[in-house]
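K.L.:
Structure file final30.tsv (TSV, C-alpha atoms) right here:
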chain	number	residue	atom	x	y	z
F	1	MET	CA	-25.91	47.69	247.55
F	2	SER	CA	-27.22	50.96	248.96
F	3	LYS	CA	-25.03	52.60	251.54
F	4	ARG	CA	-26.12	54.62	254.55
F	5	LYS	CA	-24.33	56.85	257.01
F	6	VAL	CA	-23.40	54.90	260.12
F	7	SER	CA	-23.07	56.69	263.45
F	8	VAL	CA	-19.90	56.65	265.55
F	9	VAL	CA	-21.67	54.59	268.22
F	10	ASP	CA	-22.79	52.01	265.67
F	11	LYS	CA	-19.30	51.76	264.16
F	12	ILE	CA	-17.76	51.09	267.58
F	13	TYR	CA	-20.50	48.56	268.32
F	14	ALA	CA	-19.92	46.86	264.96
F	15	VAL	CA	-16.16	46.66	265.46
F	16	ASN	CA	-16.57	45.18	268.92
F	17	LEU	CA	-18.98	42.58	267.57
F	18	TYR	CA	-16.19	41.39	265.31
F	19	LEU	CA	-13.33	41.72	267.81
F	20	ASP	CA	-15.34	39.81	270.42
F	21	GLY	CA	-15.90	37.03	267.91
F	22	LYS	CA	-19.68	37.45	267.90
F	23	GLU	CA	-20.15	38.25	264.21
F	24	SER	CA	-18.22	37.87	260.95
F	25	GLN	CA	-17.18	40.86	258.86
F	26	ARG	CA	-19.62	39.83	256.12
F	27	ARG	CA	-22.51	39.53	258.58
F	28	ILE	CA	-21.72	42.97	260.05
F	29	ALA	CA	-21.67	44.50	256.56
F	30	ASP	CA	-25.15	43.06	255.92
F	31	MET	CA	-26.42	44.24	259.31
F	32	PHE	CA	-25.39	47.84	258.71
F	33	ASP	CA	-26.02	47.85	254.95
F	34	VAL	CA	-22.45	48.81	254.05
F	35	SER	CA	-19.70	47.22	251.99
F	36	LEU	CA	-17.35	44.60	253.39
F	37	ALA	CA	-14.46	46.99	252.65
F	38	SER	CA	-16.08	49.62	254.90
F	39	VAL	CA	-16.28	47.19	257.80
F	40	GLN	CA	-12.66	46.17	257.29
F	41	GLN	CA	-11.65	49.85	257.30
F	42	TRP	CA	-13.57	50.46	260.56
F	43	ILE	CA	-11.74	47.56	262.19
F	44	ARG	CA	-8.33	48.65	260.88
F	45	ASN	CA	-8.81	52.25	261.98
F	46	TYR	CA	-10.12	51.23	265.41
F	47	GLU	CA	-7.15	48.94	266.01
F	48	SER	CA	-4.77	51.70	264.94
F	49	MET	CA	-6.30	54.77	266.59
F	50	GLY	CA	-9.06	53.57	268.91
F	51	ALA	CA	-12.50	55.17	269.05
F	52	ASN	CA	-10.92	58.52	268.07
F	53	ALA	CA	-10.65	57.19	264.53
F	54	PHE	CA	-14.39	57.75	264.15
F	55	THR	CA	-14.52	61.24	265.65
F	56	LEU	CA	-11.77	62.93	263.64
F	57	LYS	CA	-13.14	65.76	261.53
F	58	GLY	CA	-12.00	66.47	258.01
F	59	ASN	CA	-9.13	64.83	256.18
F	60	LYS	CA	-6.23	63.56	258.23
F	61	LYS	CA	-2.88	65.09	257.25
F	62	TYR	CA	0.09	62.89	256.44
F	63	SER	CA	3.69	64.09	256.19
F	64	LYS	CA	5.83	63.38	253.16
F	65	GLU	CA	8.15	61.25	255.28
F	66	LEU	CA	5.36	59.19	256.77
F	67	LYS	CA	4.04	58.44	253.27
F	68	GLN	CA	7.49	57.42	252.07
F	69	GLN	CA	8.20	55.20	255.06
F	70	ALA	CA	4.79	53.53	254.84
F	71	VAL	CA	5.38	52.72	251.17
F	72	VAL	CA	8.97	51.58	251.73
F	73	ASP	CA	7.93	49.32	254.61
F	74	TYR	CA	5.19	47.76	252.50
F	75	LEU	CA	7.46	47.19	249.48
F	76	ALA	CA	10.13	45.75	251.79
F	77	GLY	CA	7.65	43.14	252.99
F	78	TYR	CA	7.24	44.42	256.55
F	79	GLY	CA	3.52	43.74	256.49
F	80	SER	CA	0.34	43.67	254.43
F	81	GLN	CA	-1.41	46.88	253.42
F	82	ASP	CA	-3.69	46.42	256.42
F	83	ASP	CA	-0.65	46.03	258.71
F	84	ILE	CA	1.00	49.17	257.33
F	85	CYS	CA	-2.21	51.20	257.69
F	86	LYS	CA	-2.51	50.12	261.34
F	87	LYS	CA	1.14	50.90	262.05
F	88	TYR	CA	1.09	54.40	260.58
F	89	GLY	CA	-2.51	55.35	261.43
F	90	ILE	CA	-3.57	55.60	257.79
F	91	ARG	CA	-7.36	55.86	257.73
F	92	SER	CA	-7.90	54.47	254.24
F	93	LYS	CA	-6.14	51.60	252.49
F	94	ALA	CA	-6.96	53.35	249.22
F	95	LYS	CA	-4.64	56.20	250.26
F	96	LEU	CA	-1.75	53.80	250.77
F	97	GLN	CA	-2.43	52.23	247.36
F	98	ILE	CA	-2.27	55.67	245.72
F	99	TRP	CA	1.03	56.44	247.46
F	100	ILE	CA	2.48	53.09	246.32
F	101	LYS	CA	1.42	53.78	242.74
F	102	LYS	CA	3.00	57.25	242.83
F	103	TYR	CA	6.18	55.93	244.42
F	104	ASN	CA	6.53	53.20	241.81
F	105	GLY	CA	5.88	55.78	239.10
F	106	HIS	CA	8.70	57.95	240.54
F	107	GLU	CA	6.25	60.71	241.46
F	108	GLU	CA	7.03	62.86	244.49
F	109	LEU	CA	5.04	62.12	247.62
F	110	LYS	CA	4.14	65.48	249.16
F	111	SER	CA	2.78	66.25	252.61
F	112	SER	CA	-1.02	66.42	252.57
F	113	GLY	CA	-2.63	69.66	253.72
F	114	THR	CA	-1.01	72.32	255.85
F	115	GLY	CA	-0.73	72.91	259.53
F	116	GLY	CA	-0.65	70.21	262.17
F	117	SER	CA	2.47	68.94	263.87
F	118	ILE	CA	5.68	69.06	261.88
F	119	ILE	CA	7.87	65.99	261.84
F	120	MET	CA	11.51	66.99	261.97
F	121	THR	CA	13.16	65.99	258.71
F	122	LYS	CA	16.66	67.36	259.31
F	123	GLY	CA	18.80	65.07	261.42
F	124	ARG	CA	21.18	66.06	264.20
F	125	LYS	CA	24.29	64.52	265.70
F	126	THR	CA	23.64	62.13	268.55
F	127	THR	CA	25.84	60.38	271.08
F	128	PHE	CA	26.01	56.62	271.53
F	129	GLU	CA	24.09	56.95	274.80
F	130	GLU	CA	21.37	58.99	273.09
F	131	ARG	CA	21.04	56.40	270.34
F	132	VAL	CA	20.64	53.64	272.93
F	133	GLU	CA	17.94	55.69	274.68
F	134	ILE	CA	16.19	56.46	271.39
F	135	VAL	CA	16.09	52.78	270.46
F	136	GLN	CA	14.82	51.90	273.93
F	137	TYR	CA	12.03	54.49	273.70
F	138	CYS	CA	11.08	53.49	270.15
F	139	ILE	CA	10.80	49.78	271.03
F	140	ALA	CA	8.77	50.58	274.15
F	141	HIS	CA	6.36	52.62	272.00
F	142	ASP	CA	5.70	49.97	269.38
F	143	ARG	CA	8.33	51.34	266.97
F	144	ASN	CA	6.47	54.62	266.52
F	145	TYR	CA	9.19	56.47	264.59
F	146	ALA	CA	7.25	59.74	264.32
F	147	LYS	CA	6.64	59.89	268.07
F	148	THR	CA	10.27	58.98	268.77
F	149	ALA	CA	11.54	61.63	266.36
F	150	GLU	CA	9.41	64.28	268.06
F	151	GLN	CA	10.42	63.15	271.56
F	152	TYR	CA	14.18	63.30	270.86
F	153	GLN	CA	14.20	66.00	268.16
F	154	VAL	CA	15.83	63.78	265.55
F	155	SER	CA	14.64	63.00	262.05
F	156	TYR	CA	12.10	60.28	261.33
F	157	GLN	CA	14.72	58.52	259.21
F	158	GLN	CA	17.27	58.61	262.04
F	159	ALA	CA	14.84	56.98	264.46
F	160	ARG	CA	14.09	54.24	261.96
F	161	ASN	CA	17.75	53.72	261.04
F	162	TYR	CA	18.74	53.24	264.68
F	163	ILE	CA	16.18	50.46	265.04
F	164	VAL	CA	17.33	48.83	261.81
F	165	LYS	CA	20.97	49.00	262.94
F	166	TYR	CA	20.18	47.60	266.37
F	167	GLU	CA	18.18	44.70	264.94
F	168	ALA	CA	20.94	43.90	262.47
F	169	GLY	CA	23.98	44.23	264.74
F	170	GLY	CA	22.92	44.78	268.34
F	171	ILE	CA	24.11	47.58	270.61
F	172	GLU	CA	27.52	47.91	268.96
F	173	ALA	CA	25.89	48.79	265.64
F	174	LEU	CA	24.67	52.02	267.24
F	175	ARG	CA	28.20	53.31	267.73
F	176	ASP	CA	29.33	56.10	265.41
F	177	ASN	CA	31.68	54.76	262.74
F	178	ARG	CA	33.16	58.18	262.08
F	179	GLY	CA	36.15	59.57	263.95
F	180	LYS	CA	38.00	57.89	266.77
F	181	ARG	CA	36.32	54.76	268.01
F	182	LYS	CA	37.17	52.39	270.80
F	183	ARG	CA	38.23	48.92	269.78
F	184	PRO	CA	36.08	46.13	271.26
F	185	ASP	CA	38.88	45.17	273.65
F	186	GLU	CA	39.04	48.77	274.93
F	187	MET	CA	35.35	48.99	275.75
F	188	SER	CA	34.10	48.68	279.28
F	189	GLU	CA	32.23	45.45	279.93
F	190	LEU	CA	30.07	47.34	282.40
F	191	GLU	CA	29.21	49.91	279.72
F	192	LYS	CA	28.17	47.17	277.30
F	193	LEU	CA	26.17	45.37	279.97
F	194	ARG	CA	24.30	48.51	281.01
F	195	ALA	CA	23.37	49.25	277.41
F	196	GLU	CA	22.14	45.70	276.81
F	197	VAL	CA	20.10	45.80	280.02
F	198	LYS	CA	18.38	49.00	278.87
F	199	ILE	CA	17.28	47.40	275.61
F	200	LEU	CA	16.20	44.14	277.24
F	201	LYS	CA	14.18	46.07	279.81
F	202	ALA	CA	12.46	48.08	277.06
F	203	GLU	CA	11.62	44.94	275.11
F	204	LYS	CA	10.22	43.31	278.25
F	205	GLU	CA	8.07	46.36	278.98
F	206	CYS	CA	6.83	46.37	275.40
F	207	ALA	CA	5.94	42.66	275.62
F	208	GLU	CA	4.10	43.23	278.90
F	209	MET	CA	2.12	46.10	277.40
F	210	GLU	CA	1.12	43.97	274.41
F	211	ALA	CA	0.11	41.10	276.72
F	212	SER	CA	-2.11	43.42	278.76
F	213	PHE	CA	-4.30	44.29	275.78
For this file, write the structure as structure tokens.

P.N.:
Amino acid sequence: MSKRKVSVVDKIYAVNLYLDGKESQRRIADMFDVSLASVQQWIRNYESMGANAFTLKGNKKYSKELKQQAVVDYLAGYGSQDDICKKYGIRSKAKLQIWIKKYNGHEELKSSGTGGSIIMTKGRKTTFEERVEIVQYCIAHDRNYAKTAEQYQVSYQQARNYIVKYEAGGIEALRDNRGKRKRPDEMSELEKLRAEVKILKAEKECAEMEASF
């Protein structure tokens, strides 16, 4: 099948045809004389980044940590390759497949290109209250670890670990295990309640945002 260059306007139109349930992916591919994979990539990119996905110039840069986390999430079964690409804003599923192959072959995943925003890789000490706030922010922003790391100046891995800990053990899992620690019977019930309310409020806001789309 011959392929032609499709304009930004036509790509957005094509994606909306599918999202509105007016045409199938196969039918859209035939209409625009492109491959089915191209249509699927348009849809994935649009759902991940909006119309901006079609106006970005040049190659998008991906940090080493983003590549690693995308691969780890996929191998851990947190979603299909399409799901992972949407979550991390990866413009091509082929890129993810290359990263997976390198990771499985024990090759180092390096940051692509130079310049752009730098994701903090070195962690810092945080208080229990900060960790609660970080989790709250991350949940409210669709578990965007990179954005959370930048907002609170922690490492990408820290942001992700706090979410993992919270999901596995609740608020108490966010307490620092090192040094002196209050026993459960010494903790303020009000303190625990306030922390739980913060998380519940964030989850409610997140659910409301998703429902509004």

K.L.:
Figure out the distance between atom CA of F:Glu150 and atom CA of F:Thr126, please, to one decimal in Å.

P.N.:
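Interatomic distance, atom CA of F:Thr126 to atom CA of F:Glu150: 14.4 Å.
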
K.L.:
Of the residues F:Lys147, F:Arg175, F:His141, F:Lys86, which is the one nearest to F:Arg44, using all atoms listed in the file?

P.N.:
F:Lys86

K.L.:
With all atoms listed in the file as the basis for distance, which of F:Ser80, F:Gln136, F:Gln68, F:Gln40 is at the shortest distance from F:Glu108?

P.N.:
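Closest to F:Glu108, using all atoms listed in the file: F:Gln68.
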
K.L.:
When you draw a straight line from atom CA of F:Asn104 to atom CA of F:Arg91, how long is it in Å?

P.N.:
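Interatomic distance, atom CA of F:Asn104 to atom CA of F:Arg91: 21.3 Å.
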
K.L.:
Could you work out how far atom CA of F:Tyr88 lies from atom CA of F:Ala146, giving the answer in Å with one decimal?

P.N.:
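Computing it gives 9.0 Å between the two atoms.
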
K.L.:
With distances taken over all atoms listed in the file, which of F:Ala149, F:Asn45, F:Gln157, F:Asp142 is nearest to F:Ile12?

P.N.:
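Closest to F:Ile12 of all the choices is F:Asn45.
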
K.L.:
Using all atoms listed in the file, which residue out of F:Glu172, F:Asp83, F:Asp73, F:Asp30 lies closest to F:Ile43?

P.N.:
F:Asp83

K.L.:
In the coordinate frame of the file, compute which residues have an atom within 9 Å of (17.5, 56.9, 264.4) when using all atoms listed in the file, and state them as a PyMOL selection string.

P.N.:
chain F and resi 123+131+134-135+145+148-149+154-165

K.L.:
Based on the selection just made, write C-alpha atoms of those residues as a compact mmCIF listing (two decimals), keeping the file's coordinate frame.

P.N.:
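Below is the file that was written, again.txt:
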# COMPACT_ATOMS: atom_id res chain seq x y z
CA GLY F 123 18.80 65.07 261.42
CA ARG F 131 21.04 56.40 270.34
CA ILE F 134 16.19 56.46 271.39
CA VAL F 135 16.09 52.78 270.46
CA TYR F 145 9.19 56.47 264.59
CA THR F 148 10.27 58.98 268.77
CA ALA F 149 11.54 61.63 266.36
CA VAL F 154 15.83 63.78 265.55
CA SER F 155 14.64 63.00 262.05
CA TYR F 156 12.10 60.28 261.33
CA GLN F 157 14.72 58.52 259.21
CA GLN F 158 17.27 58.61 262.04
CA ALA F 159 14.84 56.98 264.46
CA ARG F 160 14.09 54.24 261.96
CA ASN F 161 17.75 53.72 261.04
CA TYR F 162 18.74 53.24 264.68
CA ILE F 163 16.18 50.46 265.04
CA VAL F 164 17.33 48.83 261.81
CA LYS F 165 20.97 49.00 262.94

K.L.:
Select, from F:Val34, F:Lys64, F:Val39, F:Asp176, the residue with the minimum atom-to-atom distance to F:Glu129, counting all atoms listed in the file.

P.N.:
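Ranked by minimum distance to F:Glu129, first place goes to F:Asp176.
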